[in-house]
$ cat target.pdb   # PDB, C-alpha atoms, pLDDT in the B column
ATOM      1  CA  MET A  62       3.913  45.026 -12.532  1.00 44.00           C
ATOM      2  CA  PRO A  63       6.369  42.291 -11.510  1.00 44.00           C
ATOM      3  CA  GLN A  64       9.203  41.906 -13.914  1.00 49.00           C
ATOM      4  CA  SER A  65      12.456  40.054 -14.063  1.00 47.00           C
ATOM      5  CA  THR A  66      15.673  41.527 -15.311  1.00 48.00           C
ATOM      6  CA  LYS A  67      18.591  39.479 -16.446  1.00 46.00           C
ATOM      7  CA  ILE A  68      21.812  40.640 -14.814  1.00 43.00           C
ATOM      8  CA  GLY A  69      24.952  39.187 -16.307  1.00 47.00           C
ATOM      9  CA  SER A  70      24.616  35.525 -17.116  1.00 50.00           C
ATOM     10  CA  ASN A  71      23.692  33.997 -13.791  1.00 55.00           C
ATOM     11  CA  GLN A  72      22.050  36.621 -11.637  1.00 58.00           C
ATOM     12  CA  TYR A  73      18.404  37.560 -11.854  1.00 62.00           C
ATOM     13  CA  CYS A  74      16.591  40.384 -10.125  1.00 68.00           C
ATOM     14  CA  TYR A  75      12.855  40.319  -9.587  1.00 67.00           C
ATOM     15  CA  THR A  76      10.906  43.445  -8.796  1.00 74.00           C
ATOM     16  CA  SER A  77       7.484  43.406  -7.193  1.00 74.00           C
ATOM     17  CA  GLN A  78       5.547  46.530  -6.253  1.00 79.00           C
ATOM     18  CA  THR A  79       2.446  46.982  -4.130  1.00 81.00           C
ATOM     19  CA  VAL A  80       0.470  50.208  -4.327  1.00 81.00           C
ATOM     20  CA  GLN A  81      -2.286  50.912  -1.805  1.00 80.00           C
ATOM     21  CA  THR A  82      -4.758  53.777  -1.826  1.00 80.00           C
ATOM     22  CA  VAL A  83      -6.500  54.798   1.384  1.00 77.00           C
ATOM     23  CA  ASN A  84      -9.690  56.885   1.081  1.00 76.00           C
ATOM     24  CA  LYS A  85      -8.685  57.754  -2.456  1.00 75.00           C
ATOM     25  CA  GLU A  86      -6.203  60.213  -1.037  1.00 77.00           C
ATOM     26  CA  SER A  87      -3.057  58.852   0.491  1.00 76.00           C
ATOM     27  CA  VAL A  88      -1.064  56.413  -1.530  1.00 79.00           C
ATOM     28  CA  THR A  89       1.510  54.039  -0.166  1.00 79.00           C
ATOM     29  CA  SER A  90       3.709  51.804  -2.196  1.00 82.00           C
ATOM     30  CA  THR A  91       6.210  49.122  -1.427  1.00 82.00           C
ATOM     31  CA  THR A  92       8.796  47.964  -3.890  1.00 83.00           C
ATOM     32  CA  THR A  93      10.790  44.837  -3.310  1.00 81.00           C
ATOM     33  CA  VAL A  94      13.758  43.894  -5.444  1.00 78.00           C
ATOM     34  CA  LYS A  95      15.055  40.394  -4.964  1.00 72.00           C
ATOM     35  CA  CYS A  96      18.272  39.370  -6.673  1.00 74.00           C
ATOM     36  CA  SER A  97      19.743  35.916  -6.701  1.00 69.00           C
ATOM     37  CA  ASP A  98      22.543  34.100  -8.400  1.00 67.00           C
ATOM     38  CA  ASP A  99      21.493  30.782  -6.926  1.00 64.00           C
ATOM     39  CA  PRO A 100      21.050  28.455  -9.944  1.00 60.00           C
ATOM     40  CA  VAL A 101      18.677  26.277  -7.971  1.00 59.00           C
ATOM     41  CA  GLU A 102      16.187  29.142  -7.745  1.00 61.00           C
ATOM     42  CA  GLN A 103      16.242  29.456 -11.517  1.00 59.00           C
ATOM     43  CA  TYR A 104      14.975  25.948 -12.236  1.00 61.00           C
ATOM     44  CA  VAL A 105      11.790  25.908 -14.176  1.00 59.00           C
ATOM     45  CA  PRO A 106      10.060  23.385 -11.883  1.00 60.00           C
ATOM     46  CA  ALA A 107      10.833  25.518  -8.857  1.00 61.00           C
ATOM     47  CA  LYS A 108       9.833  28.767 -10.542  1.00 58.00           C
ATOM     48  CA  MET A 109       6.573  27.277 -11.756  1.00 60.00           C
ATOM     49  CA  GLY A 110       5.753  26.062  -8.292  1.00 63.00           C
ATOM     50  CA  ILE A 111       5.421  22.431  -9.363  1.00 60.00           C
ATOM     51  CA  ALA A 112       8.412  21.346  -7.328  1.00 64.00           C
ATOM     52  CA  LYS A 113      10.138  22.182  -4.112  1.00 70.00           C
ATOM     53  CA  ASP A 114      13.321  21.174  -2.381  1.00 77.00           C
ATOM     54  CA  CYS A 115      15.532  21.624  -5.417  1.00 80.00           C
ATOM     55  CA  THR A 116      19.024  20.438  -4.652  1.00 82.00           C
ATOM     56  CA  GLU A 117      22.373  20.292  -6.337  1.00 83.00           C
ATOM     57  CA  SER A 118      24.457  17.225  -5.739  1.00 84.00           C
ATOM     58  CA  TYR A 119      27.369  15.359  -7.229  1.00 86.00           C
ATOM     59  CA  ILE A 120      27.328  11.733  -8.234  1.00 86.00           C
ATOM     60  CA  PRO A 121      30.306   9.545  -9.168  1.00 83.00           C
ATOM     61  CA  MET A 122      30.258   8.499 -12.801  1.00 82.00           C
ATOM     62  CA  ASN A 123      32.619   6.563 -14.969  1.00 78.00           C
ATOM     63  CA  VAL A 124      33.528   8.646 -17.992  1.00 76.00           C
ATOM     64  CA  GLY A 125      36.050   6.932 -20.225  1.00 75.00           C
ATOM     65  CA  GLY A 126      37.387   4.909 -17.343  1.00 76.00           C
ATOM     66  CA  ARG A 127      37.911   7.960 -15.162  1.00 80.00           C
ATOM     67  CA  LEU A 128      35.998   8.774 -12.003  1.00 81.00           C
ATOM     68  CA  VAL A 129      34.172  12.041 -12.532  1.00 84.00           C
ATOM     69  CA  GLN A 130      31.945  13.821 -10.065  1.00 86.00           C
ATOM     70  CA  GLU A 131      29.019  14.810 -12.253  1.00 85.00           C
ATOM     71  CA  ARG A 132      26.774  17.627 -11.115  1.00 85.00           C
ATOM     72  CA  ILE A 133      23.099  16.839 -10.967  1.00 87.00           C
ATOM     73  CA  TYR A 134      20.056  18.904 -10.079  1.00 86.00           C
ATOM     74  CA  ALA A 135      16.915  17.319  -8.718  1.00 88.00           C
ATOM     75  CA  CYS A 136      13.659  18.842  -7.542  1.00 86.00           C
ATOM     76  CA  ARG A 137      11.092  17.053  -5.457  1.00 87.00           C
ATOM     77  CA  LYS A 138       7.635  17.485  -6.941  1.00 85.00           C
ATOM     78  CA  HIS A 139       4.545  17.718  -4.789  1.00 82.00           C
ATOM     79  CA  ASN A 140       3.647  14.088  -5.526  1.00 86.00           C
ATOM     80  CA  GLY A 141       6.955  13.019  -3.985  1.00 88.00           C
ATOM     81  CA  VAL A 142       8.643  12.119  -7.265  1.00 91.00           C
ATOM     82  CA  TYR A 143      12.075  13.611  -7.852  1.00 92.00           C
ATOM     83  CA  THR A 144      12.521  15.157 -11.261  1.00 89.00           C
ATOM     84  CA  VAL A 145      16.071  15.437 -12.509  1.00 89.00           C
ATOM     85  CA  VAL A 146      16.692  18.610 -14.461  1.00 82.00           C
ATOM     86  CA  ASP A 147      19.717  19.869 -16.283  1.00 68.00           C
ATOM     87  CA  SER A 148      21.015  23.198 -17.410  1.00 53.00           C
ATOM     88  CA  LEU A 149      18.918  23.034 -20.570  1.00 42.00           C
ATOM     89  CA  THR A 150      15.711  23.301 -18.595  1.00 46.00           C
ATOM     90  CA  MET A 151      16.873  26.088 -16.334  1.00 45.00           C
ATOM     91  CA  ARG A 152      15.144  29.455 -16.679  1.00 38.00           C
TER
ATOM     92  CA  MET B 177      32.300   3.300 -43.946  1.00 47.00           C
ATOM     93  CA  ARG B 178      28.658   2.285 -44.016  1.00 53.00           C
ATOM     94  CA  VAL B 179      29.590  -1.382 -43.624  1.00 51.00           C
ATOM     95  CA  ALA B 180      31.782  -0.477 -40.670  1.00 49.00           C
ATOM     96  CA  ASN B 181      28.904   1.392 -39.050  1.00 52.00           C
ATOM     97  CA  ILE B 182      26.621  -1.603 -39.503  1.00 50.00           C
ATOM     98  CA  MET B 183      29.228  -3.917 -38.002  1.00 48.00           C
ATOM     99  CA  VAL B 184      29.600  -1.619 -34.995  1.00 44.00           C
ATOM    100  CA  SER B 185      25.832  -1.536 -34.569  1.00 48.00           C
ATOM    101  CA  ILE B 186      25.667  -5.321 -34.717  1.00 46.00           C
ATOM    102  CA  LEU B 187      28.364  -5.577 -32.071  1.00 43.00           C
ATOM    103  CA  LEU B 188      26.543  -3.089 -29.852  1.00 45.00           C
ATOM    104  CA  LEU B 189      23.288  -4.938 -30.364  1.00 44.00           C
ATOM    105  CA  THR B 190      24.863  -8.257 -29.508  1.00 44.00           C
ATOM    106  CA  ALA B 191      26.557  -6.773 -26.480  1.00 42.00           C
ATOM    107  CA  SER B 192      23.370  -5.216 -25.160  1.00 44.00           C
ATOM    108  CA  LEU B 193      21.310  -8.349 -25.756  1.00 41.00           C
ATOM    109  CA  CYS B 194      23.859 -10.545 -24.065  1.00 40.00           C
ATOM    110  CA  ALA B 195      24.589  -8.197 -21.205  1.00 40.00           C
ATOM    111  CA  SER B 196      24.162 -10.057 -17.978  1.00 41.00           C
ATOM    112  CA  ALA B 197      27.341  -9.328 -16.051  1.00 53.00           C
ATOM    113  CA  GLY B 198      27.652  -6.103 -14.102  1.00 67.00           C
ATOM    114  CA  THR B 199      28.207  -2.961 -16.115  1.00 79.00           C
ATOM    115  CA  LEU B 200      28.866   0.634 -15.176  1.00 80.00           C
ATOM    116  CA  VAL B 201      25.911   1.814 -17.248  1.00 86.00           C
ATOM    117  CA  PRO B 202      22.364   0.817 -16.349  1.00 90.00           C
ATOM    118  CA  ILE B 203      20.950  -1.803 -18.700  1.00 87.00           C
ATOM    119  CA  SER B 204      17.899   0.390 -19.215  1.00 89.00           C
ATOM    120  CA  ALA B 205      20.105   3.225 -20.448  1.00 87.00           C
ATOM    121  CA  SER B 206      21.646   1.235 -23.261  1.00 85.00           C
ATOM    122  CA  ALA B 207      19.108  -1.402 -24.282  1.00 83.00           C
ATOM    123  CA  GLY B 208      16.329   0.930 -25.364  1.00 82.00           C
ATOM    124  CA  VAL B 209      12.601   0.419 -25.706  1.00 81.00           C
ATOM    125  CA  ARG B 210      12.358  -2.287 -28.369  1.00 79.00           C
ATOM    126  CA  THR B 211      11.737  -5.894 -27.431  1.00 78.00           C
ATOM    127  CA  ASP B 212      10.916  -7.321 -30.855  1.00 79.00           C
ATOM    128  CA  TYR B 213      14.392  -8.297 -31.985  1.00 82.00           C
ATOM    129  CA  THR B 214      14.650 -11.446 -34.066  1.00 84.00           C
ATOM    130  CA  GLU B 215      17.350 -14.054 -34.380  1.00 88.00           C
ATOM    131  CA  ASN B 216      20.258 -12.902 -36.550  1.00 87.00           C
ATOM    132  CA  ASN B 217      19.970 -15.855 -38.949  1.00 87.00           C
ATOM    133  CA  SER B 218      19.591 -13.905 -42.167  1.00 88.00           C
ATOM    134  CA  ILE B 219      20.833 -10.640 -43.592  1.00 90.00           C
ATOM    135  CA  ILE B 220      17.286  -9.260 -43.569  1.00 89.00           C
ATOM    136  CA  ASN B 221      16.897 -10.024 -39.886  1.00 88.00           C
ATOM    137  CA  VAL B 222      20.275  -8.473 -39.159  1.00 89.00           C
ATOM    138  CA  ILE B 223      19.333  -5.309 -41.019  1.00 89.00           C
ATOM    139  CA  GLY B 224      15.965  -5.276 -39.290  1.00 87.00           C
ATOM    140  CA  ASN B 225      17.592  -5.630 -35.884  1.00 84.00           C
ATOM    141  CA  VAL B 226      20.079  -2.874 -36.645  1.00 85.00           C
ATOM    142  CA  TYR B 227      17.189  -0.613 -37.641  1.00 84.00           C
ATOM    143  CA  LYS B 228      15.301  -1.458 -34.448  1.00 82.00           C
ATOM    144  CA  GLN B 229      18.432  -0.842 -32.420  1.00 79.00           C
ATOM    145  CA  ALA B 230      18.989   2.521 -34.095  1.00 79.00           C
ATOM    146  CA  THR B 231      15.424   3.718 -33.658  1.00 81.00           C
ATOM    147  CA  GLY B 232      14.709   2.184 -30.282  1.00 84.00           C
ATOM    148  CA  THR B 233      17.626   3.319 -28.188  1.00 88.00           C
ATOM    149  CA  LEU B 234      18.254   6.591 -26.442  1.00 89.00           C
ATOM    150  CA  ASN B 235      20.690   8.997 -27.999  1.00 89.00           C
ATOM    151  CA  ARG B 236      23.901   9.870 -26.182  1.00 87.00           C
ATOM    152  CA  GLU B 237      22.418  12.895 -24.419  1.00 88.00           C
ATOM    153  CA  ASP B 238      19.420  10.977 -23.103  1.00 90.00           C
ATOM    154  CA  THR B 239      21.582   7.998 -22.150  1.00 90.00           C
ATOM    155  CA  VAL B 240      23.647  10.261 -19.906  1.00 89.00           C
ATOM    156  CA  ARG B 241      20.486  11.821 -18.513  1.00 90.00           C
ATOM    157  CA  HIS B 242      19.006   8.406 -17.709  1.00 93.00           C
ATOM    158  CA  THR B 243      22.265   7.142 -16.238  1.00 92.00           C
ATOM    159  CA  LYS B 244      22.495  10.188 -13.979  1.00 91.00           C
ATOM    160  CA  THR B 245      18.924   9.690 -12.829  1.00 93.00           C
ATOM    161  CA  VAL B 246      19.521   6.021 -12.031  1.00 94.00           C
ATOM    162  CA  ILE B 247      22.713   6.773 -10.104  1.00 93.00           C
ATOM    163  CA  PHE B 248      21.001   9.643  -8.297  1.00 92.00           C
ATOM    164  CA  ALA B 249      18.152   7.339  -7.261  1.00 94.00           C
ATOM    165  CA  ALA B 250      20.475   4.530  -6.165  1.00 93.00           C
ATOM    166  CA  SER B 251      22.679   6.942  -4.217  1.00 91.00           C
ATOM    167  CA  ASN B 252      20.162   9.268  -2.622  1.00 90.00           C
ATOM    168  CA  LEU B 253      16.606   7.975  -2.559  1.00 93.00           C
ATOM    169  CA  GLU B 254      14.994   5.978   0.169  1.00 92.00           C
ATOM    170  CA  THR B 255      13.266   2.745  -0.732  1.00 94.00           C
ATOM    171  CA  GLY B 256       9.917   3.408  -2.369  1.00 94.00           C
ATOM    172  CA  LEU B 257      10.797   6.776  -3.870  1.00 94.00           C
ATOM    173  CA  THR B 258      10.932   7.568  -7.572  1.00 95.00           C
ATOM    174  CA  ALA B 259      13.089   9.803  -9.749  1.00 95.00           C
ATOM    175  CA  GLU B 260      12.362  10.726 -13.348  1.00 94.00           C
ATOM    176  CA  TRP B 261      13.612  12.742 -16.290  1.00 93.00           C
ATOM    177  CA  THR B 262      11.937  13.981 -19.426  1.00 90.00           C
ATOM    178  CA  ASN B 263      13.130  15.370 -22.713  1.00 89.00           C
ATOM    179  CA  PRO B 264      10.120  16.675 -24.660  1.00 87.00           C
ATOM    180  CA  ALA B 265      12.339  17.655 -27.593  1.00 88.00           C
ATOM    181  CA  ASN B 266      13.134  13.999 -28.272  1.00 87.00           C
ATOM    182  CA  GLY B 267       9.889  12.514 -26.988  1.00 89.00           C
ATOM    183  CA  THR B 268      11.864  10.561 -24.398  1.00 91.00           C
ATOM    184  CA  ALA B 269      11.597  10.013 -20.677  1.00 92.00           C
ATOM    185  CA  GLY B 270      12.815   7.698 -17.954  1.00 93.00           C
ATOM    186  CA  ARG B 271      11.776   6.692 -14.471  1.00 95.00           C
ATOM    187  CA  VAL B 272      13.534   4.901 -11.635  1.00 95.00           C
ATOM    188  CA  ARG B 273      11.944   3.505  -8.501  1.00 96.00           C
ATOM    189  CA  VAL B 274      13.976   2.095  -5.661  1.00 95.00           C
ATOM    190  CA  VAL B 275      12.225  -1.106  -4.646  1.00 95.00           C
ATOM    191  CA  MET B 276      14.427  -2.713  -2.041  1.00 94.00           C
ATOM    192  CA  SER B 277      17.918  -2.814  -0.602  1.00 94.00           C
ATOM    193  CA  LYS B 278      19.958  -5.722   0.666  1.00 92.00           C
ATOM    194  CA  PRO B 279      23.445  -6.182   2.041  1.00 92.00           C
ATOM    195  CA  VAL B 280      25.906  -8.286   0.116  1.00 89.00           C
ATOM    196  CA  GLN B 281      29.422  -9.324   0.917  1.00 86.00           C
ATOM    197  CA  GLY B 282      31.498  -6.166   1.133  1.00 87.00           C
ATOM    198  CA  GLY B 283      28.719  -3.821   0.137  1.00 91.00           C
ATOM    199  CA  TYR B 284      25.054  -3.583  -0.672  1.00 92.00           C
ATOM    200  CA  CYS B 285      22.651  -3.770  -3.572  1.00 94.00           C
ATOM    201  CA  ARG B 286      19.463  -1.931  -4.436  1.00 95.00           C
ATOM    202  CA  MET B 287      16.732  -3.280  -6.667  1.00 96.00           C
ATOM    203  CA  LEU B 288      15.437  -0.730  -9.143  1.00 95.00           C
ATOM    204  CA  PHE B 289      12.351  -0.734 -11.316  1.00 96.00           C
ATOM    205  CA  THR B 290      13.440   1.346 -14.273  1.00 94.00           C
ATOM    206  CA  GLN B 291      11.456   2.491 -17.250  1.00 94.00           C
ATOM    207  CA  VAL B 292      12.491   4.022 -20.548  1.00 93.00           C
ATOM    208  CA  GLU B 293      10.123   5.787 -22.916  1.00 92.00           C
ATOM    209  CA  LYS B 294      10.687   6.830 -26.489  1.00 91.00           C
ATOM    210  CA  ASP B 295       8.107   7.832 -29.071  1.00 88.00           C
ATOM    211  CA  HIS B 296       5.289   6.560 -26.841  1.00 88.00           C
ATOM    212  CA  LYS B 297       6.914   3.126 -26.524  1.00 88.00           C
ATOM    213  CA  ILE B 298       7.667   2.139 -22.942  1.00 91.00           C
ATOM    214  CA  ARG B 299       9.894  -0.657 -21.729  1.00 91.00           C
ATOM    215  CA  ASP B 300      10.211  -1.756 -18.127  1.00 92.00           C
ATOM    216  CA  TYR B 301      13.325  -3.180 -16.564  1.00 92.00           C
ATOM    217  CA  THR B 302      14.209  -4.677 -13.237  1.00 94.00           C
ATOM    218  CA  GLU B 303      17.856  -4.189 -12.442  1.00 94.00           C
ATOM    219  CA  TRP B 304      20.215  -4.306  -9.520  1.00 95.00           C
ATOM    220  CA  ALA B 305      22.595  -1.540  -8.577  1.00 94.00           C
ATOM    221  CA  CYS B 306      25.409  -2.795  -6.394  1.00 94.00           C
ATOM    222  CA  LYS B 307      28.285  -1.087  -4.698  1.00 91.00           C
ATOM    223  CA  THR B 308      31.116  -2.304  -2.567  1.00 89.00           C
ATOM    224  CA  ILE B 309      32.358  -0.329   0.374  1.00 87.00           C
ATOM    225  CA  ASP B 310      35.674   0.488  -1.285  1.00 86.00           C
ATOM    226  CA  SER B 311      34.185   1.452  -4.648  1.00 84.00           C
ATOM    227  CA  GLN B 312      32.670   4.751  -5.689  1.00 80.00           C
ATOM    228  CA  PHE B 313      30.978   3.271  -8.766  1.00 85.00           C
ATOM    229  CA  TRP B 314      27.666   1.493  -8.950  1.00 89.00           C
ATOM    230  CA  THR B 315      27.606  -1.608 -11.098  1.00 90.00           C
ATOM    231  CA  PHE B 316      24.385  -2.713 -12.733  1.00 92.00           C
ATOM    232  CA  SER B 317      23.060  -6.125 -13.574  1.00 90.00           C
ATOM    233  CA  GLU B 318      19.730  -7.771 -14.297  1.00 85.00           C
ATOM    234  CA  ARG B 319      20.023 -10.162 -11.374  1.00 73.00           C
TER
END
$ encode --input "target.pdb" --output "structure tokens"
Amino acid sequence: MPQSTKIGSNQYCYTSQTVQTVNKESVTSTTTVKCSDDPVEQYVPAKMGIAKDCTESYIPMNVGGRLVQERIYACRKHNGVYTVVDSLTMR
Amino acid sequence: MRVANIMVSILLLTASLCASAGTLVPISASAGVRTDYTENNSIINVIGNVYKQATGTLNREDTVRHTKTVIFAASNLETGLTAEWTNPANGTAGRVRVVMSKPVQGGYCRMLFTQVEKDHKIRDYTEWACKTIDSQFWTFSER
């Protein structure tokens, strides 16, 4: 059964296993473990399959009169609309 | 303290209603969803307007979220594309569509159709995002 395991605070590992039986005798299985610390892959829209092309970019913002490069995450949904997500909606 | 808070709210309300010059924050991020303000010619109207301002505007977190979305759209999206954000916890959302772009002296401007939603109330805005070649900031105005 596929399961996800939280590793540390930012890395996730996903395990998927395929078991095949041939003539009720020989059994073959394949187990794939995929680990990633890419925050973009952890976005809910991307994980749910409702968005693709999730990107991380920086935009210039004025915070208290200072120029700050604010990080922003945006995923392009299948209808072409970009949805801006933040860390609160990750995972 | 309470009187001071009311005075600050009145100043913010007046500033947002009178905002026409370019600002560094999108008008849609600060003006909220209410359009039924009345003239401040009595204390009751003033109190009513302060209440509308308090209940009809985005909180700080959503204001930042909307501002980021608007700047992202102005900076990255081609004309015709839309960016949006939602915050189900607050019942708020915002949308930005890039409608057109035009060159201006020393820079360029992009017309944005922006929309703010709060508690099922939706308000539409048309605003301009402009940027000069030597500036990293977008400035926003209604025309």
$ interface_residues --input "target.pdb" --of "chain A" --to "chain B" --cutoff "6 Å" --atoms "only C-alpha atoms" --output "list in words"
Val142, Tyr143, Thr144 and Val145 of chain A
$ resolve_selection --input "target.pdb" --expression "the PyMOL selection byres ((chain B and resi 285) around 7)" --output "list in words"
Ser277, Lys278, Pro279, Val280, Tyr284, Arg286, Met287, Trp304, Ala305, Cys306 and Lys307 of chain B
$ resolve_selection --input "target.pdb" --expression "the PyMOL selection byres ((chain B and resi 297-302) around 8)" --output "ChimeraX atom specification"
/B:204,208-211,287-296,303-304,318
$ resolve_selection --input "target.pdb" --expression "the PyMOL selection byres ((chain A and resi 131-134) around 7)" --output "PDB file with C-alpha atoms, keeping the file's coordinate frame"
ATOM      1  CA  THR A 116      19.024  20.438  -4.652  1.00 82.00           C
ATOM      2  CA  GLU A 117      22.373  20.292  -6.337  1.00 83.00           C
ATOM      3  CA  SER A 118      24.457  17.225  -5.739  1.00 84.00           C
ATOM      4  CA  TYR A 119      27.369  15.359  -7.229  1.00 86.00           C
ATOM      5  CA  ILE A 120      27.328  11.733  -8.234  1.00 86.00           C
ATOM      6  CA  PRO A 121      30.306   9.545  -9.168  1.00 83.00           C
ATOM      7  CA  MET A 122      30.258   8.499 -12.801  1.00 82.00           C
ATOM      8  CA  VAL A 129      34.172  12.041 -12.532  1.00 84.00           C
ATOM      9  CA  GLN A 130      31.945  13.821 -10.065  1.00 86.00           C
ATOM     10  CA  ALA A 135      16.915  17.319  -8.718  1.00 88.00           C
ATOM     11  CA  CYS A 136      13.659  18.842  -7.542  1.00 86.00           C
ATOM     12  CA  VAL A 145      16.071  15.437 -12.509  1.00 89.00           C
ATOM     13  CA  VAL A 146      16.692  18.610 -14.461  1.00 82.00           C
ATOM     14  CA  ASP A 147      19.717  19.869 -16.283  1.00 68.00           C
TER      15      ASP A 147
END
$ atom_distance --input "target.pdb" --atom1 "atom CA of Gly283 of chain B" --atom2 "atom CA of Thr315 of chain B"
11.5 Å
$ atom_distance --input "target.pdb" --atom1 "atom CA of Arg127 of chain A" --atom2 "atom CA of Ala230 of chain B"
27.3 Å
$ atom_distance --input "target.pdb" --atom1 "atom CA of Gln281 of chain B" --atom2 "atom CA of Thr308 of chain B"
8.0 Å
$ decode --input "target.pdb" --residues "segment 118-135 of chain A" --atoms "N, CA, C and O atoms" --output "PDB file, in the first residue's frame"
ATOM      1  N   SER A 118       9.074  31.739  -7.364  1.00  0.00           N
ATOM      2  CA  SER A 118       9.709  32.926  -7.921  1.00  0.00           C
ATOM      3  C   SER A 118       9.779  34.007  -6.846  1.00  0.00           C
ATOM      4  O   SER A 118       9.174  33.880  -5.776  1.00  0.00           O
ATOM      5  N   TYR A 119      10.489  35.037  -7.149  1.00  0.00           N
ATOM      6  CA  TYR A 119      10.654  36.144  -6.209  1.00  0.00           C
ATOM      7  C   TYR A 119      10.135  37.426  -6.850  1.00  0.00           C
ATOM      8  O   TYR A 119      10.391  37.688  -8.023  1.00  0.00           O
ATOM      9  N   ILE A 120       9.375  38.165  -6.082  1.00  0.00           N
ATOM     10  CA  ILE A 120       8.835  39.416  -6.597  1.00  0.00           C
ATOM     11  C   ILE A 120       9.294  40.557  -5.687  1.00  0.00           C
ATOM     12  O   ILE A 120       9.400  40.393  -4.473  1.00  0.00           O
ATOM     13  N   PRO A 121       9.561  41.729  -6.271  1.00  0.00           N
ATOM     14  CA  PRO A 121       9.984  42.866  -5.453  1.00  0.00           C
ATOM     15  C   PRO A 121       8.790  43.487  -4.745  1.00  0.00           C
ATOM     16  O   PRO A 121       7.775  43.791  -5.367  1.00  0.00           O
ATOM     17  N   MET A 122       8.900  43.626  -3.439  1.00  0.00           N
ATOM     18  CA  MET A 122       7.827  44.271  -2.684  1.00  0.00           C
ATOM     19  C   MET A 122       8.407  45.334  -1.772  1.00  0.00           C
ATOM     20  O   MET A 122       9.547  45.237  -1.325  1.00  0.00           O
ATOM     21  N   ASN A 123       7.577  46.323  -1.515  1.00  0.00           N
ATOM     22  CA  ASN A 123       7.980  47.385  -0.611  1.00  0.00           C
ATOM     23  C   ASN A 123       7.480  47.056   0.787  1.00  0.00           C
ATOM     24  O   ASN A 123       6.284  47.051   1.037  1.00  0.00           O
ATOM     25  N   VAL A 124       8.386  46.750   1.676  1.00  0.00           N
ATOM     26  CA  VAL A 124       8.006  46.444   3.053  1.00  0.00           C
ATOM     27  C   VAL A 124       8.646  47.490   3.960  1.00  0.00           C
ATOM     28  O   VAL A 124       9.851  47.475   4.178  1.00  0.00           O
ATOM     29  N   GLY A 125       7.825  48.385   4.441  1.00  0.00           N
ATOM     30  CA  GLY A 125       8.337  49.451   5.317  1.00  0.00           C
ATOM     31  C   GLY A 125       9.345  50.343   4.634  1.00  0.00           C
ATOM     32  O   GLY A 125      10.295  50.809   5.274  1.00  0.00           O
ATOM     33  N   GLY A 126       9.158  50.557   3.339  1.00  0.00           N
ATOM     34  CA  GLY A 126      10.063  51.430   2.617  1.00  0.00           C
ATOM     35  C   GLY A 126      11.314  50.747   2.103  1.00  0.00           C
ATOM     36  O   GLY A 126      12.144  51.362   1.447  1.00  0.00           O
ATOM     37  N   ARG A 127      11.456  49.460   2.435  1.00  0.00           N
ATOM     38  CA  ARG A 127      12.625  48.718   1.967  1.00  0.00           C
ATOM     39  C   ARG A 127      12.235  47.787   0.833  1.00  0.00           C
ATOM     40  O   ARG A 127      11.136  47.239   0.816  1.00  0.00           O
ATOM     41  N   LEU A 128      13.145  47.597  -0.105  1.00  0.00           N
ATOM     42  CA  LEU A 128      12.902  46.649  -1.186  1.00  0.00           C
ATOM     43  C   LEU A 128      13.200  45.243  -0.672  1.00  0.00           C
ATOM     44  O   LEU A 128      14.298  44.958  -0.214  1.00  0.00           O
ATOM     45  N   VAL A 129      12.201  44.395  -0.739  1.00  0.00           N
ATOM     46  CA  VAL A 129      12.361  43.020  -0.274  1.00  0.00           C
ATOM     47  C   VAL A 129      11.951  42.087  -1.398  1.00  0.00           C
ATOM     48  O   VAL A 129      10.944  42.309  -2.070  1.00  0.00           O
ATOM     49  N   GLN A 130      12.763  41.074  -1.623  1.00  0.00           N
ATOM     50  CA  GLN A 130      12.402  40.062  -2.611  1.00  0.00           C
ATOM     51  C   GLN A 130      11.558  38.993  -1.916  1.00  0.00           C
ATOM     52  O   GLN A 130      12.076  38.171  -1.176  1.00  0.00           O
ATOM     53  N   GLU A 131      10.268  39.061  -2.108  1.00  0.00           N
ATOM     54  CA  GLU A 131       9.366  38.126  -1.446  1.00  0.00           C
ATOM     55  C   GLU A 131       9.235  36.850  -2.275  1.00  0.00           C
ATOM     56  O   GLU A 131       9.047  36.908  -3.492  1.00  0.00           O
ATOM     57  N   ARG A 132       9.287  35.724  -1.578  1.00  0.00           N
ATOM     58  CA  ARG A 132       9.128  34.451  -2.284  1.00  0.00           C
ATOM     59  C   ARG A 132       7.651  34.175  -2.508  1.00  0.00           C
ATOM     60  O   ARG A 132       6.816  34.433  -1.661  1.00  0.00           O
ATOM     61  N   ILE A 133       7.362  33.649  -3.683  1.00  0.00           N
ATOM     62  CA  ILE A 133       5.975  33.365  -4.023  1.00  0.00           C
ATOM     63  C   ILE A 133       5.924  32.045  -4.786  1.00  0.00           C
ATOM     64  O   ILE A 133       6.825  31.729  -5.559  1.00  0.00           O
ATOM     65  N   TYR A 134       4.898  31.264  -4.500  1.00  0.00           N
ATOM     66  CA  TYR A 134       4.708  29.998  -5.194  1.00  0.00           C
ATOM     67  C   TYR A 134       3.417  30.090  -5.995  1.00  0.00           C
ATOM     68  O   TYR A 134       2.395  30.539  -5.482  1.00  0.00           O
ATOM     69  N   ALA A 135       3.479  29.654  -7.224  1.00  0.00           N
ATOM     70  CA  ALA A 135       2.276  29.684  -8.061  1.00  0.00           C
ATOM     71  C   ALA A 135       2.200  28.403  -8.876  1.00  0.00           C
ATOM     72  O   ALA A 135       3.211  27.912  -9.382  1.00  0.00           O
TER      73      ALA A 135
END
